[in-house]
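Here's the structure we're looking at; comments come further down.
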Amino acid sequence: MAHRDRVRWLAGGLVALSGASAEAQVPPAPQKPAAVQKPAAPDPVYDAARAAYEALPEAERKGLQDALVWTGDYNSVVTGTYGRRTHDALLAYAARTGAREAAFPGPATRATLLAAGAAARKAGQFAVRRDGPSGVTLGVPERLLPKRSGTPGGTRWQSADGAITLETKSFPPGETDLDAIFARITAPTPDRKVTYKLKRPDFLVVTAETAQGKSYIRYAAGAPGIRGFTIGYGKGAAAEVDRLVIAIANSFVPFEEAAPASERGPAVAVAPAPAPPVRRPPAATGLVIGPGRVLTSAQALAACTEPTIAGRPARVVATDRILTLLDWTPPAPGGPPPVPRDTPVKQAEAVVVLGAEEGGTVAVAPGETVGEGIAAPLQPGSGGAPVLDRSGNLVGLVSSYPTAPRLVAGVVPTTRYALVPGARIAAFLAENRIPAGSRPADPAPASLGAVTGRLAGLVVGIACGR
């Protein structure tokens, strides 16, 4: 399928979600000549950002737009071209994460953005593949929709409770046409309101609402017939699922046969979905603060009687019901531990949380201070995780993580967490004769990558034997 045709399909549908025209617009109907308007005033910031963006390889340009979809900052078509929506999305991301670039983000911020998008995709288990029964290619958030079954001419994916459904559908040539489908799905009913409808000779998009839910329908017509998908979900999940609909729409290719063979995805036969692998996140996160010593929150390890780190036993050597000090024989740490901050944090101050994940990786979560705690999108195992300010000082540790966190679209959203403050940590370390670390040579605010890089090798996951 030609790239231009795919952009047209995407642009029409994403208008319905964004409430405004997408960057790649469907051409408007001819209008009477309007009065000549003065050209817009030059915008040197926008022009410079556009020039920097267009100098990047196409794969990175598209990757940045896709990542902005997943961070919730962009709600339009992934084309690799620069427009106001991309410009505003990059500015919104920079402001929200505390990046210091005034115009276009530099390499470090772009790398952080791409990593954030990849992490969100991974968290939702978003897999783009070809659906054999319908012939379409699209992305499926498999963590959100683990149930899969075959339907006539397509496949149905559902959430565990059946409240969210994604379904592909295909019709062979001559069985029906877009006019008939459009008339059927836009027909008025007492309990359903069509909120957007668009029909062109080769595609249609319709969105609708009921008192409880929302739906998004897209069909395309081509030589093999008619193919499309429908997704329906409750309004309570709209904040997260609306974003997923944008990602699904951006991935949708109705007629992959028209693409070169080298670009086609493998067809997927419908079979009972295998059980997802059992994920065992760490019970808590620890911070190496000296040779053989790991600091964590006591509350995060309250139910853990046999802690281990990287498969080795970790013995409790000191605790005061707020903090716990473990004895462990680790590999040589990557650098000096951070110094506990001795000044109070300000409200809405930007912070970074480093939580241990399964397999020894570290999740980097930007957040901000709220009251005496923080607000951040943390994942299981973040109890005891170090919280740093943008100068690399230790603001505190995450006190605990809930045993049953609230999930939205299979992902834990930004939530408030209690904090063990830096002053309390400093006192505990002094009582146990643990020398303070060294402060960063440059106290000026730094990027996420620079701040987190200083703790390479010092953040560890703590597992429980029972």
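We name chains A, B, ... following the order of the structure tokens; residues begin at 1 in each chain, and ligands are numbered from 1 as shown.
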
| Do you know which residues are at most 7 Å from range 248-255 of chain A counting only C-alpha atoms, after dropping those on the same chain fewer than 3 positions away, and could you put them as an MDAnalysis selection string? | chainID A and resid 1 10 77:78 128 136:140 220 227:228 244:245 258

Selected residues, N, CA and C atoms, written as a short mmCIF file (atom, residue, chain, number, x, y, z; two decimals), in the first residue's frame, please.
```cif
data_model
loop_
_atom_site.label_atom_id
_atom_site.label_comp_id
_atom_site.auth_asym_id
_atom_site.auth_seq_id
_atom_site.Cartn_x
_atom_site.Cartn_y
_atom_site.Cartn_z
N MET A 1 0.84 -1.20 0.00
CA MET A 1 0.00 0.00 0.00
C MET A 1 0.87 1.24 0.00
N LEU A 10 -4.94 7.12 8.18
CA LEU A 10 -4.60 7.46 9.56
C LEU A 10 -5.10 8.84 9.93
N VAL A 77 -0.67 11.49 13.70
CA VAL A 77 -0.15 10.46 12.81
C VAL A 77 1.37 10.42 12.86
N VAL A 78 1.93 9.21 12.93
CA VAL A 78 3.38 9.04 12.88
C VAL A 78 3.79 9.02 11.41
N VAL A 128 3.08 -5.61 17.12
CA VAL A 128 2.56 -5.34 15.79
C VAL A 128 2.80 -6.57 14.93
N VAL A 136 -5.18 -8.10 8.00
CA VAL A 136 -4.69 -6.78 8.37
C VAL A 136 -3.45 -6.93 9.24
N THR A 137 -2.68 -5.88 9.29
CA THR A 137 -1.56 -5.77 10.23
C THR A 137 -1.89 -4.66 11.21
N LEU A 138 -1.75 -4.92 12.48
CA LEU A 138 -1.99 -3.89 13.49
C LEU A 138 -1.33 -4.29 14.80
N GLY A 139 -1.20 -3.31 15.69
CA GLY A 139 -0.61 -3.55 16.99
C GLY A 139 -1.68 -3.92 18.01
N VAL A 140 -1.34 -4.86 18.88
CA VAL A 140 -2.27 -5.33 19.91
C VAL A 140 -1.58 -5.19 21.27
N ALA A 220 -11.36 -0.19 5.48
CA ALA A 220 -10.73 0.24 4.24
C ALA A 220 -11.13 -0.72 3.13
N ARG A 227 -11.55 -4.53 4.80
CA ARG A 227 -10.89 -4.96 6.03
C ARG A 227 -10.88 -3.81 7.04
N GLY A 228 -10.94 -4.15 8.31
CA GLY A 228 -10.89 -3.10 9.31
C GLY A 228 -10.83 -3.64 10.71
N LEU A 244 -3.97 4.24 23.45
CA LEU A 244 -3.71 2.98 22.78
C LEU A 244 -4.40 2.91 21.43
N VAL A 245 -5.58 3.51 21.33
CA VAL A 245 -6.28 3.54 20.04
C VAL A 245 -5.42 4.29 19.01
N ALA A 258 0.00 -5.19 -0.77
CA ALA A 258 0.49 -4.16 -1.69
C ALA A 258 1.89 -3.69 -1.34
#
```

| request: Please run DSSP on the backbone and report, as a ChimeraX atom specification, all residues within range 134-179 of chain A that come out as strand (DSSP E or B). | output: /A:137-141,147-151,154-158,165-171

For range 422-429 of chain A, please output as a PDB file with C-alpha atoms, in the first residue's frame all residues within 6 Å (counting only C-alpha atoms; exclusion window: fewer than 4 positions along the same chain).
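Now in around.pdb:
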```pdb
ATOM      1  CA  PRO A 340      21.516  12.444  51.274  1.00  0.00           C
ATOM      2  CA  ARG A 341      20.092  15.903  50.699  1.00  0.00           C
ATOM      3  CA  ASP A 342      20.092  18.024  53.858  1.00  0.00           C
ATOM      4  CA  VAL A 395      16.161  13.182  48.180  1.00  0.00           C
ATOM      5  CA  GLY A 396      14.982   9.996  49.904  1.00  0.00           C
ATOM      6  CA  ILE A 434      28.453   4.500  57.166  1.00  0.00           C
TER       7      ILE A 434
END
```

| Close residues, Pro313 in chain A itself excluded, 12 Å, only C-alpha atoms, min 4 positions apart in chain, as a PyMOL selection string | chain A and resi 292+305-309+326-330+462-465

| said: Please identify the helix (DSSP H, G or I) residues within range 4-215 of chain A (assignment by DSSP from backbone atoms) and present them as number ranges by chain. | reply: A: 4-18, 44-54, 58-70, 84-97, 107-123, 178-186

| Residue neighbourhood range 79-89 of chain A, 7 Å, only C-alpha atoms, exclusion window fewer than 4 positions, as a PyMOL selection string | chain A and resi 23+50+58+61-62+65+68+73-74+93

Save the residues we just selected, all heavy atoms, as a CSV table (one decimal), in the first residue's frame?
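Wrote result.csv, looks like this:
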```csv
chain,number,residue,atom,x,y,z
A,23,GLU,N,-1.6,16.4,11.6
A,23,GLU,CA,-0.6,17.1,10.8
A,23,GLU,C,-0.7,16.6,9.3
A,23,GLU,O,-0.4,17.4,8.4
A,23,GLU,CB,0.8,16.7,11.4
A,23,GLU,CG,1.0,17.4,12.7
A,23,GLU,CD,2.4,17.2,13.2
A,23,GLU,OE1,2.8,16.0,13.2
A,23,GLU,OE2,3.0,18.1,13.7
A,50,ARG,N,12.4,22.7,13.6
A,50,ARG,CA,12.0,21.9,12.4
A,50,ARG,C,13.3,21.5,11.6
A,50,ARG,O,13.4,20.4,11.2
A,50,ARG,CB,11.1,22.7,11.6
A,50,ARG,CG,10.6,22.0,10.3
A,50,ARG,CD,9.6,22.8,9.5
A,50,ARG,NE,9.1,22.1,8.4
A,50,ARG,CZ,8.2,22.5,7.5
A,50,ARG,NH1,7.6,23.6,7.8
A,50,ARG,NH2,7.8,21.8,6.5
A,58,GLU,N,15.2,9.2,9.0
A,58,GLU,CA,13.7,9.0,9.0
A,58,GLU,C,13.3,8.1,10.2
A,58,GLU,O,12.3,8.3,10.8
A,58,GLU,CB,13.2,8.5,7.7
A,58,GLU,CG,11.7,8.2,7.7
A,58,GLU,CD,11.3,7.6,6.4
A,58,GLU,OE1,12.1,7.0,5.6
A,58,GLU,OE2,10.1,7.7,6.1
A,61,ARG,N,13.1,10.1,13.3
A,61,ARG,CA,12.0,11.0,13.3
A,61,ARG,C,10.7,10.3,13.7
A,61,ARG,O,9.9,10.8,14.5
A,61,ARG,CB,11.9,11.7,11.9
A,61,ARG,CG,13.1,12.5,11.5
A,61,ARG,CD,12.8,13.5,10.4
A,61,ARG,NE,12.2,12.9,9.3
A,61,ARG,CZ,12.9,12.4,8.2
A,61,ARG,NH1,14.2,12.5,8.2
A,61,ARG,NH2,12.3,11.9,7.2
A,62,LYS,N,10.5,9.2,13.0
A,62,LYS,CA,9.2,8.4,13.3
A,62,LYS,C,9.3,7.9,14.7
A,62,LYS,O,8.2,7.8,15.4
A,62,LYS,CB,9.0,7.3,12.3
A,62,LYS,CG,8.7,7.8,10.9
A,62,LYS,CD,8.5,6.7,9.9
A,62,LYS,CE,8.0,7.2,8.6
A,62,LYS,NZ,7.8,6.0,7.6
A,65,GLN,N,8.2,10.5,17.2
A,65,GLN,CA,6.7,10.7,17.2
A,65,GLN,C,6.0,9.5,17.9
A,65,GLN,O,5.1,9.7,18.7
A,65,GLN,CB,6.2,10.9,15.8
A,65,GLN,CG,6.6,12.2,15.2
A,65,GLN,CD,6.1,12.3,13.8
A,65,GLN,OE1,6.0,11.4,13.0
A,65,GLN,NE2,5.7,13.6,13.4
A,68,LEU,N,6.4,9.8,21.6
A,68,LEU,CA,5.5,10.8,22.2
A,68,LEU,C,4.1,10.3,22.3
A,68,LEU,O,3.3,10.8,23.2
A,68,LEU,CB,5.6,12.1,21.3
A,68,LEU,CG,6.9,12.8,21.4
A,68,LEU,CD1,7.0,13.9,20.3
A,68,LEU,CD2,7.1,13.5,22.8
A,73,ASP,N,2.0,12.6,25.0
A,73,ASP,CA,2.2,14.0,24.6
A,73,ASP,C,1.8,14.2,23.1
A,73,ASP,O,1.7,15.4,22.7
A,73,ASP,CB,3.6,14.4,24.7
A,73,ASP,CG,4.1,14.3,26.2
A,73,ASP,OD1,3.6,15.0,27.0
A,73,ASP,OD2,4.9,13.4,26.5
A,74,TYR,N,1.5,13.2,22.3
A,74,TYR,CA,1.2,13.4,20.9
A,74,TYR,C,0.0,12.5,20.5
A,74,TYR,O,0.0,11.3,20.9
A,74,TYR,CB,2.5,12.9,20.1
A,74,TYR,CG,2.4,13.1,18.6
A,74,TYR,CD1,2.3,14.4,18.0
A,74,TYR,CD2,2.4,12.0,17.7
A,74,TYR,CE1,2.3,14.5,16.6
A,74,TYR,CE2,2.4,12.1,16.4
A,74,TYR,CZ,2.3,13.4,15.8
A,74,TYR,OH,2.3,13.6,14.5
A,93,TYR,N,6.7,17.4,26.5
A,93,TYR,CA,7.6,16.4,27.1
A,93,TYR,C,8.7,17.0,27.8
A,93,TYR,O,9.1,16.6,29.0
A,93,TYR,CB,8.0,15.4,26.0
A,93,TYR,CG,9.0,14.4,26.6
A,93,TYR,CD1,8.5,13.2,27.2
A,93,TYR,CD2,10.4,14.5,26.4
A,93,TYR,CE1,9.4,12.3,27.8
A,93,TYR,CE2,11.3,13.6,27.0
A,93,TYR,CZ,10.8,12.5,27.6
A,93,TYR,OH,11.6,11.6,28.2
```

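Remark: for Ala284 in chain A, the closest of the candidate residues A:Pro336, A:Pro386, A:Gly453, A:Pro224 is A:Pro386 (distances computed over only C-alpha atoms).
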
| task | Would you mind listing what lies within 12 Å of Asp131 in chain A as a PyMOL selection string, with only C-alpha atoms counted and same-chain residues fewer than 2 positions away left out? | result | chain A and resi 127-129+133-140+148-151+153-157+167-170+227-229+252-256+264-271

| request: Enter the distance from CA of Tyr219 in chain A to CA of Leu204 in chain A, in Å, rounded to one decimal. | output: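 Separation between CA of Tyr219 in chain A and CA of Leu204 in chain A: 5.4 Å.
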
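Considering only C-alpha atoms, the residue among A:Gly381, A:Gly232, A:Pro421, A:Pro338 positioned nearest to Ala436 in chain A is A:Pro338.
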
| Separation of CA of Gln379 in chain A from CA of Val345 in chain A, in Å and rounded to one decimal |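 Those two atoms sit 23.3 Å apart.
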